[in-house]
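K.L.:
My structure is stored as my_file39.txt, with compact mmCIF, C-alpha atoms.
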# COMPACT_ATOMS: atom_id res chain seq x y z
CA MET A 7 132.71 118.10 43.32
CA SER A 8 131.41 114.95 41.53
CA ASP A 9 127.76 114.46 40.59
CA SER A 10 127.54 111.38 42.87
CA ALA A 11 128.67 113.39 45.94
CA THR A 12 126.19 116.15 45.10
CA SER A 13 123.27 113.72 44.77
CA ALA A 14 124.17 111.93 48.04
CA GLN A 15 123.90 115.10 50.12
CA PRO A 16 120.10 115.61 49.73
CA VAL A 17 119.51 111.91 50.53
CA GLN A 18 121.48 112.21 53.78
CA SER A 19 119.61 115.42 54.70
CA ALA A 20 116.27 113.77 54.05
CA SER A 21 117.23 110.79 56.22
CA LYS A 22 118.32 113.12 59.03
CA ALA A 23 115.07 115.08 58.81
CA SER A 24 113.08 111.82 58.96
CA LYS A 25 114.90 110.77 62.17
CA VAL A 26 114.28 114.18 63.76
CA SER A 27 110.60 113.94 62.85
CA LYS A 28 110.32 110.48 64.43
CA LEU A 29 112.04 111.67 67.60
CA SER A 30 109.72 114.67 67.81
CA ARG A 31 106.70 112.38 67.49
CA LEU A 32 108.07 110.15 70.27
CA SER A 33 108.43 113.23 72.47
CA LEU A 34 104.83 114.25 71.82
CA ILE A 35 103.51 110.73 72.43
CA GLY A 36 105.50 110.46 75.68
CA GLY A 37 104.09 113.74 76.98
CA VAL A 38 100.52 112.76 76.10
CA ALA A 39 100.96 109.34 77.72
CA ALA A 40 102.23 110.91 80.94
CA GLY A 41 99.32 113.34 81.09
CA SER A 42 96.78 110.59 80.40
CA VAL A 43 98.12 108.30 83.12
CA LEU A 44 98.16 111.11 85.66
CA LEU A 45 94.58 112.00 84.81
CA LEU A 46 93.56 108.39 85.32
CA ALA A 47 95.47 108.09 88.58
CA GLY A 48 94.24 111.35 90.12
CA PRO A 49 90.60 110.47 90.92
CA ALA A 50 91.69 107.53 93.10
CA PHE A 51 92.70 110.01 95.82
CA ALA A 52 90.04 112.68 95.39
CA HIS A 53 86.81 111.27 96.80
CA VAL A 54 85.48 111.03 100.32
CA SER A 55 85.47 107.26 100.84
CA VAL A 56 84.90 104.49 103.38
CA GLN A 57 87.86 102.28 104.28
CA PRO A 58 88.00 99.34 104.39
CA GLU A 59 85.57 99.04 101.49
CA ALA A 60 83.67 96.03 102.89
CA ALA A 61 82.49 94.44 106.15
CA PRO A 62 80.56 91.26 107.07
CA LYS A 63 76.78 91.38 107.34
CA GLY A 64 75.17 91.13 110.76
CA GLY A 65 78.19 92.22 112.76
CA PHE A 66 79.97 95.33 113.99
CA ALA A 67 82.76 97.06 112.13
CA THR A 68 85.33 99.80 112.57
CA ILE A 69 85.48 101.98 109.47
CA ASN A 70 87.27 105.19 108.51
CA LEU A 71 85.93 108.12 106.53
CA LYS A 72 88.91 109.21 104.42
CA VAL A 73 88.59 112.89 103.49
CA PRO A 74 91.15 114.41 101.10
CA ASN A 75 91.44 118.15 100.48
CA GLU A 76 90.85 118.85 96.77
CA ARG A 77 91.55 122.56 96.99
CA ASP A 78 94.91 124.34 96.70
CA ASP A 79 93.67 127.58 98.24
CA ALA A 80 91.32 126.47 101.04
CA SER A 81 91.13 124.08 103.99
CA THR A 82 88.38 121.59 104.85
CA VAL A 83 86.87 122.66 108.17
CA LYS A 84 83.73 120.53 108.45
CA LEU A 85 82.44 117.09 107.47
CA GLU A 86 78.77 116.15 107.83
CA LEU A 87 77.92 112.47 107.39
CA THR A 88 74.30 111.39 106.96
CA LEU A 89 73.74 107.76 107.94
CA PRO A 90 71.45 105.48 105.90
CA THR A 91 67.78 105.54 106.86
CA ASP A 92 66.68 102.43 104.93
CA HIS A 93 68.96 100.32 107.13
CA PRO A 94 69.51 102.31 110.35
CA LEU A 95 72.54 101.63 112.53
CA ALA A 96 71.57 101.41 116.19
CA SER A 97 75.14 101.76 117.45
CA VAL A 98 77.52 104.41 116.09
CA MET A 99 80.52 105.60 118.08
CA ALA A 100 83.06 108.15 116.85
CA GLN A 101 86.70 107.90 117.87
CA PRO A 102 88.12 111.27 118.99
CA VAL A 103 90.25 112.99 116.34
CA PRO A 104 92.76 115.59 117.60
CA GLY A 105 91.83 119.08 116.43
CA TRP A 106 88.22 118.15 115.64
CA LYS A 107 84.97 118.39 117.59
CA VAL A 108 82.39 115.68 116.88
CA SER A 109 78.65 115.61 117.50
CA VAL A 110 76.14 112.81 116.89
CA THR A 111 72.49 113.55 116.05
CA LYS A 112 69.84 110.90 116.76
CA SER A 113 66.41 110.61 115.15
CA LYS A 114 63.28 108.64 115.94
CA LEU A 115 62.91 105.57 113.76
CA PRO A 116 59.72 105.16 111.72
CA LYS A 117 59.80 101.49 112.68
CA PRO A 118 61.55 100.12 115.79
CA ILE A 119 64.39 97.64 115.28
CA GLU A 120 65.83 94.98 117.57
CA MET A 121 69.46 94.58 118.56
CA GLU A 122 70.75 92.03 121.06
CA GLY A 123 67.17 91.36 122.14
CA GLU A 124 66.44 95.03 122.85
CA LYS A 125 63.92 97.15 120.96
CA ILE A 126 65.46 100.34 119.54
CA THR A 127 63.21 103.32 118.77
CA GLU A 128 65.84 105.89 117.81
CA ALA A 129 69.23 105.71 116.11
CA PRO A 130 72.08 108.01 115.02
CA SER A 131 71.19 109.79 111.79
CA LYS A 132 73.98 112.33 111.36
CA ILE A 133 77.57 112.86 112.51
CA THR A 134 79.33 116.21 112.24
CA TRP A 135 83.05 116.85 112.61
CA THR A 136 84.10 120.50 112.97
CA ALA A 137 87.72 121.67 112.91
CA GLU A 138 88.95 123.49 115.99
CA ASP A 139 92.12 124.65 114.27
CA LYS A 140 93.23 124.78 110.60
CA GLY A 141 91.39 121.65 109.48
CA ILE A 142 92.57 119.65 106.48
CA GLU A 143 94.98 121.84 104.53
CA ALA A 144 95.98 121.65 100.86
CA GLY A 145 97.75 118.42 99.95
CA GLN A 146 96.52 116.62 103.09
CA PHE A 147 93.82 114.15 104.08
CA GLN A 148 92.20 113.15 107.36
CA GLN A 149 90.61 109.91 108.55
CA PHE A 150 87.58 109.88 110.87
CA PRO A 151 87.17 106.47 112.60
CA LEU A 152 83.73 105.08 113.45
CA SER A 153 82.49 101.93 115.14
CA VAL A 154 79.17 100.95 113.52
CA GLY A 155 76.63 98.16 113.92
CA GLN A 156 74.72 96.09 113.85
CA LEU A 157 75.19 95.84 110.09
CA PRO A 158 72.08 94.66 108.23
CA LYS A 159 71.83 91.06 107.01
CA ASP A 160 69.39 91.84 104.19
CA ALA A 161 71.45 94.42 102.25
CA ASP A 162 74.52 94.29 100.01
CA GLN A 163 75.74 97.80 100.73
CA LEU A 164 75.27 100.88 102.88
CA VAL A 165 75.33 104.28 101.19
CA PHE A 166 76.34 107.31 103.24
CA LYS A 167 76.04 110.95 102.20
CA ALA A 168 78.75 113.45 103.04
CA LEU A 169 79.02 117.22 102.89
CA GLN A 170 82.57 118.63 102.84
CA THR A 171 82.82 122.31 103.81
CA TYR A 172 85.85 124.53 103.11
CA ASP A 173 86.91 127.63 105.01
CA ASP A 174 85.74 129.83 102.11
CA LYS A 175 82.19 128.45 102.63
CA GLU A 176 82.24 126.19 99.56
CA VAL A 177 80.35 122.93 100.16
CA VAL A 178 81.06 119.78 98.12
CA ARG A 179 78.15 117.34 98.24
CA TRP A 180 79.29 113.70 98.06
CA ILE A 181 75.77 112.31 97.69
CA GLU A 182 75.45 110.68 94.26
CA PRO A 183 74.88 106.89 94.33
CA THR A 184 77.12 104.69 92.22
CA LYS A 185 75.12 102.32 90.03
CA GLU A 186 76.55 98.97 88.99
CA GLY A 187 77.66 98.96 85.35
CA ALA A 188 77.33 102.75 85.05
CA PRO A 189 80.15 105.32 84.99
CA GLU A 190 81.16 106.69 88.37
CA PRO A 191 79.33 109.97 89.13
CA GLU A 192 81.20 113.21 89.62
CA ASN A 193 80.53 113.32 93.37
CA PRO A 194 80.00 109.69 94.48
CA ALA A 195 78.61 109.01 97.93
CA PRO A 196 80.82 107.00 100.31
CA MET A 197 79.75 103.36 100.30
CA LEU A 198 80.35 100.28 102.45
CA LYS A 199 79.93 96.90 100.75
CA LEU A 200 78.44 94.12 102.86
CA THR A 201 79.82 90.62 102.51
CA ALA A 202 78.67 87.21 103.74
CA ALA A 203 78.53 86.92 107.53
CA GLU A 204 81.53 85.36 109.26
CA GLY A 205 81.12 82.55 111.77
CA ASP A 206 78.23 83.31 114.12
CA GLY A 207 77.33 86.53 112.34
CA HIS A 208 79.04 88.74 114.90
CA GLY A 209 82.10 89.39 112.75
CA ALA A 210 83.91 92.70 112.74
CA SER A 211 86.37 94.43 110.49
CA GLY A 212 89.28 96.81 110.87
CA ALA A 213 90.80 97.58 114.25
CA ALA A 214 87.84 96.19 116.21
CA ALA A 215 88.41 92.67 114.88
CA ASP A 216 92.12 92.75 115.75
CA ASP A 217 91.38 93.88 119.30
CA ASP A 218 88.68 91.25 119.85
CA LYS A 219 90.84 88.36 118.62
CA GLY A 220 94.03 89.55 120.30
CA GLY A 221 96.09 89.53 117.13
CA ASP A 222 96.40 90.48 113.51
CA ARG A 223 93.85 89.35 110.99
CA THR A 224 93.94 89.33 107.20
CA ARG A 225 91.66 92.02 105.84
CA PRO A 226 91.03 91.48 102.11
CA ALA A 227 89.02 94.66 101.68
CA ALA A 228 91.70 96.85 103.23
CA ALA A 229 94.36 95.11 101.16
CA GLU A 230 92.31 95.68 98.03
CA ALA A 231 91.97 99.40 98.80
CA SER A 232 95.71 99.64 99.47
CA THR A 233 96.43 97.83 96.19
CA GLY A 234 94.22 100.31 94.33
CA ASP A 235 96.15 103.27 95.75
CA THR A 236 99.50 101.57 94.99
CA THR A 237 98.44 100.83 91.41
CA ALA A 238 97.39 104.44 90.89
CA ARG A 239 100.72 105.69 92.22
CA LEU A 240 102.61 103.19 90.03
CA LEU A 241 100.70 104.29 86.93
CA GLY A 242 101.37 107.91 87.78
CA GLY A 243 105.10 107.18 88.17
CA ILE A 244 105.23 105.33 84.86
CA GLY A 245 103.44 108.21 83.14
CA ILE A 246 105.89 110.73 84.56
CA GLY A 247 108.83 108.55 83.47
CA VAL A 248 107.47 108.24 79.94
CA GLY A 249 106.93 111.99 79.79
CA VAL A 250 110.50 112.71 80.94
CA ILE A 251 111.88 110.31 78.33
CA GLY A 252 109.73 111.96 75.67
CA ILE A 253 110.95 115.42 76.66
CA GLY A 254 114.54 114.13 76.56
CA PHE A 255 114.00 112.83 73.02
CA GLY A 256 112.56 116.19 72.04
CA VAL A 257 115.54 118.12 73.41
CA PHE A 258 117.97 115.69 71.78
CA ALA A 259 116.12 115.96 68.46
CA GLY A 260 116.19 119.74 68.64
CA ARG A 261 119.94 119.76 69.21
CA ARG A 262 120.52 117.33 66.36
CA LYS A 263 118.40 119.51 64.09
CA SER A 264 120.29 122.67 65.09
CA ALA A 265 123.60 120.91 64.48
Taking this structure as input, can you express it in the form of structure tokens?
P.N.:
Amino acid sequence: MSDSATSAQPVQSASKASKVSKLSRLSLIGGVAAGSVLLLAGPAFAHVSVQPEAAPKGGFATINLKVPNERDDASTVKLELTLPTDHPLASVMAQPVPGWKVSVTKSKLPKPIEMEGEKITEAPSKITWTAEDKGIEAGQFQQFPLSVGQLPKDADQLVFKALQTYDDKEVVRWIEPTKEGAPEPENPAPMLKLTAAEGDGHGASGAAADDDKGGDRTRPAAAEASTGDTTARLLGGIGIGVGVIGIGFGVFAGRRKSA
């Protein structure tokens, strides 16, 4: 064998090893990217939240408490919602939910409020939903509809506090307020943003508005919430795709190296 052929062999081996190393790094980066995206996308579905996220000031609104089950080995069997006391809601009605019993607790107000020309001395302070069957099982969520009003005109948001109880007696306390400009707390309290009043101040949101006007109505807040969920799912899908491609590169690199 000539000297030139002998010297070319190590160069080719080194080039091959460099390609395998690059492919391995791509595999590792792909896997990390997939994991990172999934971690970012996960929290969007985990919290007890109010949907739609906003409603007009001074009116009535139909909202939903969205309650996901975060546990793989237990079911949610109770939800306790404490209503705001700084801006009490004189009218709160719960829509029946199959498989759940609901009770509304009223409390005397420290200061009477007026609604539709009537003086109100007590208002709902707590709503409790209790499962009559299996409750919210692993991988599921449940929505609890409420009609609330009259929404305050002198506030920008209403903060609710929720206690989520599992069938193994664990209680998750969704009671931490979210402060503007600060990181989201671990267990944020459900919150309803209040926007500028519509028309005569008797605006509504959600299903109530559609029923009153006899047709469909554009709901920016609901669309925004839906867009957030869609974006999270899209990011999760992209992360999974990148991870699969990275794993494929790794397998291919391993076979090339073995060959």
K.L.:
Just give me the gap between CA of Ser55 (chain A) and CA of Ala144 (chain A) in Å, one decimal is fine.
P.N.:
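Straight-line distance from CA of Ser55 (chain A) to CA of Ala144 (chain A) works out to 17.8 Å.
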K.L.:
Could you jot down the CA of Leu71 (chain A) to CA of Pro196 (chain A) separation for me, Å, one decimal place?
P.N.:
8.1 Å
K.L.:
What does the distance between CA of Leu198 (chain A) and CA of Pro58 (chain A) come to in Å, to one decimal place?
P.N.:
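Result for CA of Leu198 (chain A) versus CA of Pro58 (chain A): 7.9 Å, one decimal.
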K.L.:
List as JSON, numbers by chain the protein and nucleic acid residues near Trp180 (chain A), meaning an atom at most 12 Å away when only C-alpha atoms are counted, but skip any in the same chain fewer than 6 places from it.
P.N.:
{"A": [52, 53, 54, 55, 73, 85, 86, 87, 88, 165, 166, 167, 168, 169, 170, 171, 191, 192, 193, 194, 195, 196, 197]}
K.L.:
Nearest residue to Lys72 (chain A) out of A:Gln57, A:Asp162, A:Lys175, A:Met99, using only C-alpha atoms?
P.N.:
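Ranking A:Gln57, A:Asp162, A:Lys175, A:Met99 by distance to Lys72 (chain A), first place goes to A:Gln57.
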K.L.:
Grab all the atoms of region 85-92 of chain A that the file lists, wrap them in a box along x, y and z, add 3 Å per side, and give me centre plus edge lengths in Å (one decimal) as AutoDock Vina command-line options.
P.N.:
--center_x 74.6 --center_y 109.8 --center_z 106.4 --size_x 21.8 --size_y 20.7 --size_z 9.0
K.L.:
Could you tell me which of A:Gln101, A:Arg77, A:Glu128, A:Asp174 comes closest to Ser113 (chain A) if we count all atoms listed in the file?
P.N.:
A:Glu128
K.L.:
Of the candidates A:Leu115, A:Ile126, A:Ala188, A:Val83, which shows the shortest atom-to-atom distance to Gln156 (chain A), using only C-alpha atoms?
P.N.:
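Using only C-alpha atoms, the shortest distance to Gln156 (chain A) belongs to A:Ile126.
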K.L.:
Could you add N, CA and C atoms to region 74-90 of chain A and give me the result as an mmCIF file, in the frame of the given file?
P.N.:
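Writing the result to result.cif gives the following:
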data_model
loop_
_atom_site.group_PDB
_atom_site.id
_atom_site.type_symbol
_atom_site.label_atom_id
_atom_site.label_comp_id
_atom_site.auth_asym_id
_atom_site.auth_seq_id
_atom_site.Cartn_x
_atom_site.Cartn_y
_atom_site.Cartn_z
ATOM 1 N N PRO A 74 90.044 113.645 101.660
ATOM 2 C CA PRO A 74 91.150 114.410 101.100
ATOM 3 C C PRO A 74 90.744 115.851 100.829
ATOM 4 N N ASN A 75 91.709 116.751 100.829
ATOM 5 C CA ASN A 75 91.440 118.150 100.480
ATOM 6 C C ASN A 75 91.722 118.331 98.989
ATOM 7 N N GLU A 76 90.702 118.691 98.213
ATOM 8 C CA GLU A 76 90.850 118.850 96.770
ATOM 9 C C GLU A 76 91.252 120.256 96.354
ATOM 10 N N ARG A 77 91.284 121.166 97.312
ATOM 11 C CA ARG A 77 91.550 122.560 96.990
ATOM 12 C C ARG A 77 92.995 122.935 97.299
ATOM 13 N N ASP A 78 93.557 123.834 96.469
ATOM 14 C CA ASP A 78 94.910 124.340 96.700
ATOM 15 C C ASP A 78 94.908 125.631 97.502
ATOM 16 N N ASP A 79 93.735 126.256 97.612
ATOM 17 C CA ASP A 79 93.670 127.580 98.240
ATOM 18 C C ASP A 79 92.689 127.643 99.396
ATOM 19 N N ALA A 80 92.270 126.488 99.925
ATOM 20 C CA ALA A 80 91.320 126.470 101.040
ATOM 21 C C ALA A 80 91.495 125.197 101.846
ATOM 22 N N SER A 81 91.040 125.236 103.100
ATOM 23 C CA SER A 81 91.130 124.080 103.990
ATOM 24 C C SER A 81 89.733 123.531 104.271
ATOM 25 N N THR A 82 89.644 122.213 104.449
ATOM 26 C CA THR A 82 88.380 121.590 104.850
ATOM 27 C C THR A 82 88.209 121.782 106.346
ATOM 28 N N VAL A 83 87.081 122.357 106.748
ATOM 29 C CA VAL A 83 86.870 122.660 108.170
ATOM 30 C C VAL A 83 85.643 121.949 108.749
ATOM 31 N N LYS A 84 84.892 121.245 107.914
ATOM 32 C CA LYS A 84 83.730 120.530 108.450
ATOM 33 C C LYS A 84 83.381 119.345 107.554
ATOM 34 N N LEU A 85 82.954 118.255 108.192
ATOM 35 C CA LEU A 85 82.440 117.090 107.470
ATOM 36 C C LEU A 85 81.127 116.673 108.138
ATOM 37 N N GLU A 86 80.077 116.592 107.337
ATOM 38 C CA GLU A 86 78.770 116.150 107.830
ATOM 39 C C GLU A 86 78.427 114.829 107.141
ATOM 40 N N LEU A 87 78.222 113.792 107.925
ATOM 41 C CA LEU A 87 77.920 112.470 107.390
ATOM 42 C C LEU A 87 76.499 112.068 107.760
ATOM 43 N N THR A 88 75.672 111.847 106.740
ATOM 44 C CA THR A 88 74.300 111.390 106.960
ATOM 45 C C THR A 88 74.276 109.873 106.851
ATOM 46 N N LEU A 89 73.772 109.220 107.891
ATOM 47 C CA LEU A 89 73.740 107.760 107.940
ATOM 48 C C LEU A 89 72.507 107.242 107.193
ATOM 49 N N PRO A 90 72.586 106.019 106.665
ATOM 50 C CA PRO A 90 71.450 105.480 105.900
ATOM 51 C C PRO A 90 70.194 105.324 106.746
#
